[in-house]
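Since the structure comes first, as structure tokens, the remarks are kept for the end.
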Amino acid sequence: MNKPIISSDFTIEDIHKIREYNYEYTKDMALEEKLGYYNSAGMEAEQEIRRRKALKCMKRDNAW
């Protein structure tokens with residue numbers, strides 16, 4: 001299954017596409033594989049959040 005194409009509006013349909021993709025992608029994985037998949041995705045998301053927070057702080061500090 002191909003990765004879903006997410007609209008710029010991010011609708012409920014997009015959420016359904018993402019959930020369906022994740023289910024299809026992980027349905028035949030062993031528990032250890034699923035844990036690795038979700039943990040790595042979580043770490044990537046955490047890094048992205050930190051990066052965006054740092055950018056927000058830089059923009060705020062430069063505005064003064």
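Naming scheme: A, B, ... for chains in displayed order of the structure tokens; residues 1 onward per chain; ligands 1 onward as shown.
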
Going by DSSP on the backbone, which residues of chain A come out as helix (DSSP H, G or I)? List them as a VMD selection string. chain A and resid 12 to 26 31 to 63
